[in-house]
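Engineer: Next comes the structure file structure_7.txt, holding compact mmCIF, C-alpha atoms.
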```
# COMPACT_ATOMS: atom_id res chain seq x y z
CA MET A 1 -74.13 -79.62 232.16
CA SER A 2 -77.55 -78.15 231.45
CA SER A 3 -77.80 -74.94 229.49
CA LYS A 4 -79.41 -71.79 230.82
CA LEU A 5 -82.32 -72.39 228.43
CA GLU A 6 -82.82 -75.96 229.70
CA ILE A 7 -82.71 -74.79 233.31
CA THR A 8 -85.18 -71.98 232.57
CA ARG A 9 -87.58 -74.42 230.91
CA TYR A 10 -87.16 -76.83 233.82
CA ILE A 11 -87.96 -74.13 236.40
CA LEU A 12 -91.10 -73.12 234.51
CA GLU A 13 -92.18 -76.75 234.07
CA TYR A 14 -91.52 -77.56 237.74
CA ALA A 15 -93.59 -74.59 238.88
CA TYR A 16 -96.42 -75.47 236.50
CA GLN A 17 -96.46 -79.13 237.61
CA THR A 18 -96.44 -78.10 241.27
CA MET A 19 -99.53 -75.94 240.74
CA ASN A 20 -101.18 -78.40 238.37
CA GLY A 21 -100.60 -81.26 240.81
CA HIS A 22 -103.55 -80.00 242.85
CA PHE A 23 -105.98 -80.21 239.93
CA SER A 24 -106.43 -83.96 239.32
CA LYS A 25 -108.46 -84.73 242.46
CA LEU A 26 -109.95 -81.28 242.98
CA SER A 27 -113.69 -81.32 243.57
CA LEU A 28 -115.96 -78.36 242.93
CA GLU A 29 -116.71 -78.15 246.66
CA GLU A 30 -112.99 -77.86 247.40
CA ALA A 31 -112.47 -75.39 244.55
CA ILE A 32 -115.07 -72.94 245.86
CA PHE A 33 -114.13 -73.28 249.55
CA VAL A 34 -113.23 -70.02 251.28
CA PRO A 35 -112.03 -70.32 254.89
CA GLN A 36 -113.71 -68.25 257.59
CA GLY A 37 -112.56 -64.66 257.30
CA GLY A 38 -111.10 -65.22 253.85
CA TYR A 39 -111.97 -63.92 250.41
CA ARG A 40 -110.06 -66.20 248.05
CA SER A 41 -111.16 -69.60 246.83
CA ILE A 42 -109.00 -72.18 245.13
CA LEU A 43 -110.90 -71.62 241.90
CA GLY A 44 -110.41 -67.87 242.13
CA THR A 45 -106.70 -68.38 242.81
CA ILE A 46 -106.30 -70.66 239.77
CA LYS A 47 -108.13 -68.05 237.66
CA HIS A 48 -105.79 -65.34 239.00
CA ALA A 49 -102.64 -67.41 238.33
CA ALA A 50 -103.80 -68.31 234.83
CA GLY A 51 -104.65 -64.70 233.99
CA TRP A 52 -101.26 -63.36 235.06
CA SER A 53 -99.46 -66.18 233.28
CA HIS A 54 -101.22 -65.14 230.07
CA VAL A 55 -100.40 -61.45 230.67
CA TYR A 56 -96.70 -62.01 231.39
CA ARG A 57 -96.32 -64.30 228.37
CA SER A 58 -98.16 -61.90 226.10
CA TYR A 59 -95.97 -58.96 227.12
CA ALA A 60 -92.82 -61.03 226.73
CA PHE A 61 -93.65 -62.40 223.27
CA ASP A 62 -96.63 -60.86 221.48
CA PRO A 63 -96.19 -57.89 219.10
CA GLN A 64 -99.48 -56.48 220.44
CA PRO A 65 -99.47 -57.60 224.10
CA LYS A 66 -102.71 -58.10 226.00
CA HIS A 67 -103.23 -56.83 229.52
CA TRP A 68 -105.75 -58.17 232.02
CA ALA A 69 -108.86 -56.62 230.44
CA GLN A 70 -107.89 -57.67 226.89
CA LEU A 71 -107.36 -61.38 227.68
CA ASP A 72 -109.67 -64.02 226.25
CA TRP A 73 -111.12 -65.02 229.64
CA PRO A 74 -113.24 -68.16 229.83
CA TYR A 75 -116.80 -66.84 230.21
CA GLY A 76 -115.48 -63.29 229.87
CA LEU A 77 -113.78 -61.09 232.45
CA ARG A 78 -115.89 -61.13 235.58
CA ASP A 79 -115.48 -60.19 239.24
CA THR A 80 -116.75 -63.48 240.61
CA ILE A 81 -116.39 -67.12 239.73
CA ILE A 82 -119.17 -69.31 238.42
CA LYS A 83 -119.78 -72.14 240.87
CA SER A 84 -119.98 -74.96 238.33
CA GLU A 85 -117.93 -77.94 237.23
CA PRO A 86 -117.71 -76.73 233.59
CA TYR A 87 -116.35 -73.37 234.77
CA LEU A 88 -113.78 -75.07 237.01
CA GLN A 89 -112.66 -77.31 234.15
CA ASP A 90 -112.41 -74.36 231.76
CA ILE A 91 -110.34 -72.29 234.21
CA MET A 92 -107.94 -75.19 234.79
CA ALA A 93 -107.70 -75.69 231.01
CA TRP A 94 -106.97 -71.98 230.62
CA PHE A 95 -104.10 -72.32 233.11
CA ASP A 96 -102.83 -75.27 231.02
CA ASP A 97 -103.20 -73.19 227.85
CA ALA A 98 -101.02 -70.42 229.29
CA HIS A 99 -98.32 -72.97 230.05
CA ARG A 100 -98.51 -74.50 226.57
CA ARG A 101 -98.09 -71.02 225.08
CA TRP A 102 -95.00 -70.42 227.24
CA LEU A 103 -93.53 -73.73 226.06
CA THR A 104 -94.33 -73.01 222.41
CA ASP A 105 -92.62 -69.63 222.60
CA LEU A 106 -89.64 -71.01 224.50
CA ALA A 107 -89.20 -73.85 221.99
CA GLN A 108 -88.33 -71.21 219.39
CA MET A 109 -85.73 -69.52 221.60
CA GLN A 110 -81.97 -69.71 221.36
CA GLU A 111 -79.77 -69.62 224.46
CA ASP A 112 -78.66 -66.02 223.98
CA GLN A 113 -82.25 -64.77 223.63
CA LEU A 114 -82.93 -65.38 227.32
CA ASP A 115 -80.93 -62.24 228.09
CA GLU A 116 -82.97 -60.11 225.68
CA MET A 117 -84.95 -57.35 227.32
CA ARG A 118 -88.69 -57.95 227.09
CA SER A 119 -91.71 -55.91 228.09
CA LEU A 120 -93.55 -56.18 231.36
CA HIS A 121 -97.15 -55.11 231.86
CA TRP A 122 -96.21 -52.20 234.14
CA GLY A 123 -94.10 -50.49 231.49
CA GLN A 124 -90.62 -51.68 232.43
CA ARG A 125 -88.43 -54.22 230.69
CA ALA A 126 -86.47 -57.18 232.03
CA PRO A 127 -84.42 -60.05 230.60
CA LEU A 128 -86.65 -62.90 229.47
CA TYR A 129 -85.17 -65.35 231.97
CA GLU A 130 -86.16 -62.98 234.81
CA ILE A 131 -89.73 -62.77 233.52
CA ILE A 132 -89.91 -66.57 233.43
CA THR A 133 -88.52 -66.70 236.97
CA ILE A 134 -91.22 -64.24 238.08
CA ILE A 135 -94.05 -66.32 236.62
CA ALA A 136 -92.56 -69.57 237.96
CA GLY A 137 -92.35 -67.98 241.41
CA HIS A 138 -95.95 -66.82 241.05
CA HIS A 139 -97.06 -70.39 240.24
CA LEU A 140 -95.15 -71.78 243.23
CA TYR A 141 -96.54 -69.13 245.57
CA HIS A 142 -100.11 -69.96 244.61
CA ALA A 143 -99.45 -73.72 244.62
CA GLY A 144 -98.54 -73.31 248.29
CA GLU A 145 -101.68 -71.30 248.84
CA LEU A 146 -103.77 -74.06 247.23
CA ASN A 147 -102.03 -76.64 249.39
CA GLN A 148 -102.89 -74.65 252.53
CA LEU A 149 -106.53 -74.15 251.52
CA LEU A 150 -106.91 -77.84 250.66
CA SER A 151 -105.38 -78.91 253.97
CA ILE A 152 -107.86 -76.69 255.83
CA TYR A 153 -110.84 -77.96 253.81
CA ARG A 154 -109.77 -81.61 254.12
CA GLY A 155 -108.80 -81.34 257.78
CA GLU A 156 -105.30 -82.59 256.99
CA ALA A 157 -102.06 -81.89 258.76
CA TRP A 158 -98.45 -82.81 257.96
CA GLU A 159 -97.47 -86.04 256.23
CA GLU A 160 -96.75 -89.02 258.48
CA THR A 161 -93.18 -88.85 259.82
CA GLU A 162 -93.08 -85.06 259.30
CA GLU A 163 -94.56 -83.94 262.60
CA VAL A 164 -92.94 -80.76 263.79
CA GLU A 165 -92.53 -79.35 267.27
CA GLU A 166 -93.84 -75.97 266.13
CA ASN A 167 -97.45 -77.21 266.06
CA ASN A 168 -99.44 -75.82 268.96
CA ILE A 169 -101.98 -78.64 268.66
CA SER A 170 -101.60 -82.35 268.17
CA THR A 171 -101.91 -83.53 264.57
CA VAL A 172 -102.62 -87.17 265.50
CA GLY A 173 -105.53 -88.39 263.39
CA HIS A 174 -105.07 -85.65 260.79
CA ARG A 175 -101.78 -86.69 259.25
CA VAL A 176 -101.57 -87.60 255.59
CA LYS A 177 -99.86 -90.77 254.43
CA PRO A 178 -97.60 -89.87 251.48
CA PRO A 179 -97.57 -92.25 248.48
CA TRP A 180 -94.00 -93.31 249.15
CA LEU A 181 -95.07 -94.78 252.51
CA ASP A 182 -97.71 -97.08 250.98
CA ASN A 183 -95.47 -100.12 251.27
CA GLN A 184 -93.90 -99.23 254.61
CA ASP A 185 -95.06 -99.28 258.18
CA THR A 186 -95.38 -95.94 259.94
```
Rewrite the coordinates I just gave you, this time as structure tokens.

Structural biologist:
Amino acid sequence: MSSKLEITRYILEYAYQTMNGHFSKLSLEEAIFVPQGGYRSILGTIKHAAGWSHVYRSYAFDPQPKHWAQLDWPYGLRDTIIKSEPYLQDIMAWFDDAHRRWLTDLAQMQEDQLDEMRSLHWGQRAPLYEIITIIAGHHLYHAGELNQLLSIYRGEAWEETEEVEENNISTVGHRVKPPWLDNQDT
């Protein structure tokens, strides 16, 4: 049976990989896309998720925690993104860096330390495992948001064989063939 520490690490890793799974084929055009009536781009969302991951980790582990304005932001703290490939790559690397820092800190933990009360950026305290659950949930929330934005930009619908009756329009011609169907007929 897995320990609480192993499960906690797994949850964090799963959430990170789910978010990070969108990065490998992400173009700059996709990253800066904002749907009509929207205000958030994929790049801005990755920047947001990375920033909060750094803040939550810092408050949970650092003797002198850093809040939003004190973080070491790529290109400095700014209200808007820079529409460039180097900026996109640096923001994705910053998200990766936050995850590596979580893993480094967790590698030094013992099972019973997950229940230790740790600081949160709004002045309260919570057990470490709850803080990790919060940041994992945050990653998963934004991974879903990225998935939705990418499906809009790419004009994609559900995967083949996953059509649902709830659609109010036909998805024929917009379905995505999942990798596991590559060797099967649909």

Engineer: Quote the spacing between atom CA of Pro63 of chain A and atom CA of Gly76 of chain A in Å to one decimal place.

Structural biologist: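 Between atom CA of Pro63 of chain A and atom CA of Gly76 of chain A the gap is 22.7 Å.
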
Engineer: What's the separation between atom CA of Asn20 of chain A and atom CA of Glu130 of chain A, in Å to one decimal place?

Structural biologist: 21.8 Å

Engineer: Determine the nearest neighbour of Leu28 of chain A from the options A:Ile152, A:Leu128, A:Met92, A:Leu43, counting all atoms listed in the file.

Structural biologist: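 Closest to Leu28 of chain A of all the choices is A:Leu43.
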
Engineer: Would you kindly identify which residues have an atom no farther than 12 Å from (-91.7, -69.8, 224.1), using only C-alpha atoms and the file's own coordinates, and write them out as a compact mmCIF listing (two decimals) with C-alpha atoms, keeping the file's coordinate frame?

Structural biologist:
```txt
# COMPACT_ATOMS: atom_id res chain seq x y z
CA LEU A 5 -82.32 -72.39 228.43
CA THR A 8 -85.18 -71.98 232.57
CA ARG A 9 -87.58 -74.42 230.91
CA LEU A 12 -91.10 -73.12 234.51
CA TYR A 56 -96.70 -62.01 231.39
CA ARG A 57 -96.32 -64.30 228.37
CA SER A 58 -98.16 -61.90 226.10
CA ALA A 60 -92.82 -61.03 226.73
CA PHE A 61 -93.65 -62.40 223.27
CA ASP A 62 -96.63 -60.86 221.48
CA ALA A 98 -101.02 -70.42 229.29
CA HIS A 99 -98.32 -72.97 230.05
CA ARG A 100 -98.51 -74.50 226.57
CA ARG A 101 -98.09 -71.02 225.08
CA TRP A 102 -95.00 -70.42 227.24
CA LEU A 103 -93.53 -73.73 226.06
CA THR A 104 -94.33 -73.01 222.41
CA ASP A 105 -92.62 -69.63 222.60
CA LEU A 106 -89.64 -71.01 224.50
CA ALA A 107 -89.20 -73.85 221.99
CA GLN A 108 -88.33 -71.21 219.39
CA MET A 109 -85.73 -69.52 221.60
CA GLN A 110 -81.97 -69.71 221.36
CA GLU A 111 -79.77 -69.62 224.46
CA GLN A 113 -82.25 -64.77 223.63
CA LEU A 114 -82.93 -65.38 227.32
CA LEU A 128 -86.65 -62.90 229.47
CA TYR A 129 -85.17 -65.35 231.97
CA ILE A 131 -89.73 -62.77 233.52
CA ILE A 132 -89.91 -66.57 233.43
```

Engineer: Mind pulling up the distance from atom CA of Arg78 of chain A to atom CA of Asp96 of chain A?

Structural biologist: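 These two atoms are separated by 19.8 Å.
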
Engineer: For Phe95 of chain A, which residue among A:Leu146, A:Ala15, A:Leu120, A:Ala50 is the nearest when counting all atoms listed in the file?

Structural biologist: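 Going through A:Leu146, A:Ala15, A:Leu120, A:Ala50 one by one, the smallest distance to Phe95 of chain A is for A:Ala50.
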
Engineer: Measuring between all atoms listed in the file, which one of A:Asp112, A:Asp90, A:Glu30, A:Asp97 shows the shortest distance to Ser3 of chain A?

Structural biologist: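 Closest candidate: A:Asp112.
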
Engineer: Just checking: using all atoms listed in the file, which residue out of A:Ser2, A:Thr45, A:Gln64, A:Gln124 ends up closest to Leu149 of chain A?

Structural biologist: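 Nearest candidate to Leu149 of chain A out of A:Ser2, A:Thr45, A:Gln64, A:Gln124: A:Thr45.
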
Engineer: Within 10 Å of (-110.1, -70.8, 253.0) in the file's own coordinates, which protein, DNA or RNA residues have an atom, counting all atoms listed in the file? List them as number ranges by chain.

Structural biologist: A: 30-42, 145-146, 148-153

Engineer: Which residue gives the smallest distance to Val55 of chain A among A:Ser119, A:Gln17, A:Ser84, A:Ser24, with all atoms listed in the file counted?

Structural biologist: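 The answer is A:Ser119, which sits nearest to Val55 of chain A.
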
Engineer: What's the 9 Å shell around His142 of chain A, counting all atoms listed in the file, without same-chain residues fewer than 3 positions away, as a list in words?

Structural biologist: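 In the requested form, the answer reads Met19, Thr45, Ile46, Ala49, Gly137, His138, His139, Glu145, Leu146 and Asn147 of chain A.
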
Engineer: I'd like the contact shell of Leu77 of chain A - 12 Å cut-off, all atoms listed in the file, skipping same-chain residues fewer than 3 positions apart - returned as a list in words.

Structural biologist: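 That gives Lys47, His48, Gly51, His67, Trp68, Ala69, Gln70, Leu71, Asp72, Trp73, Pro74, Thr80, Ile81, Ile82 and Ile91 of chain A.
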
Engineer: Around all the atoms of segment 124-139 of chain A listed in the file, with 4 Å of room on each side, what axis-aligned box do you get, giving centre and edge lengths in Å to one decimal, as AutoDock Vina command-line options?

Structural biologist:
```
--center_x -90.7 --center_y -61.0 --center_z 235.4 --size_x 20.6 --size_y 26.7 --size_z 19.9
```
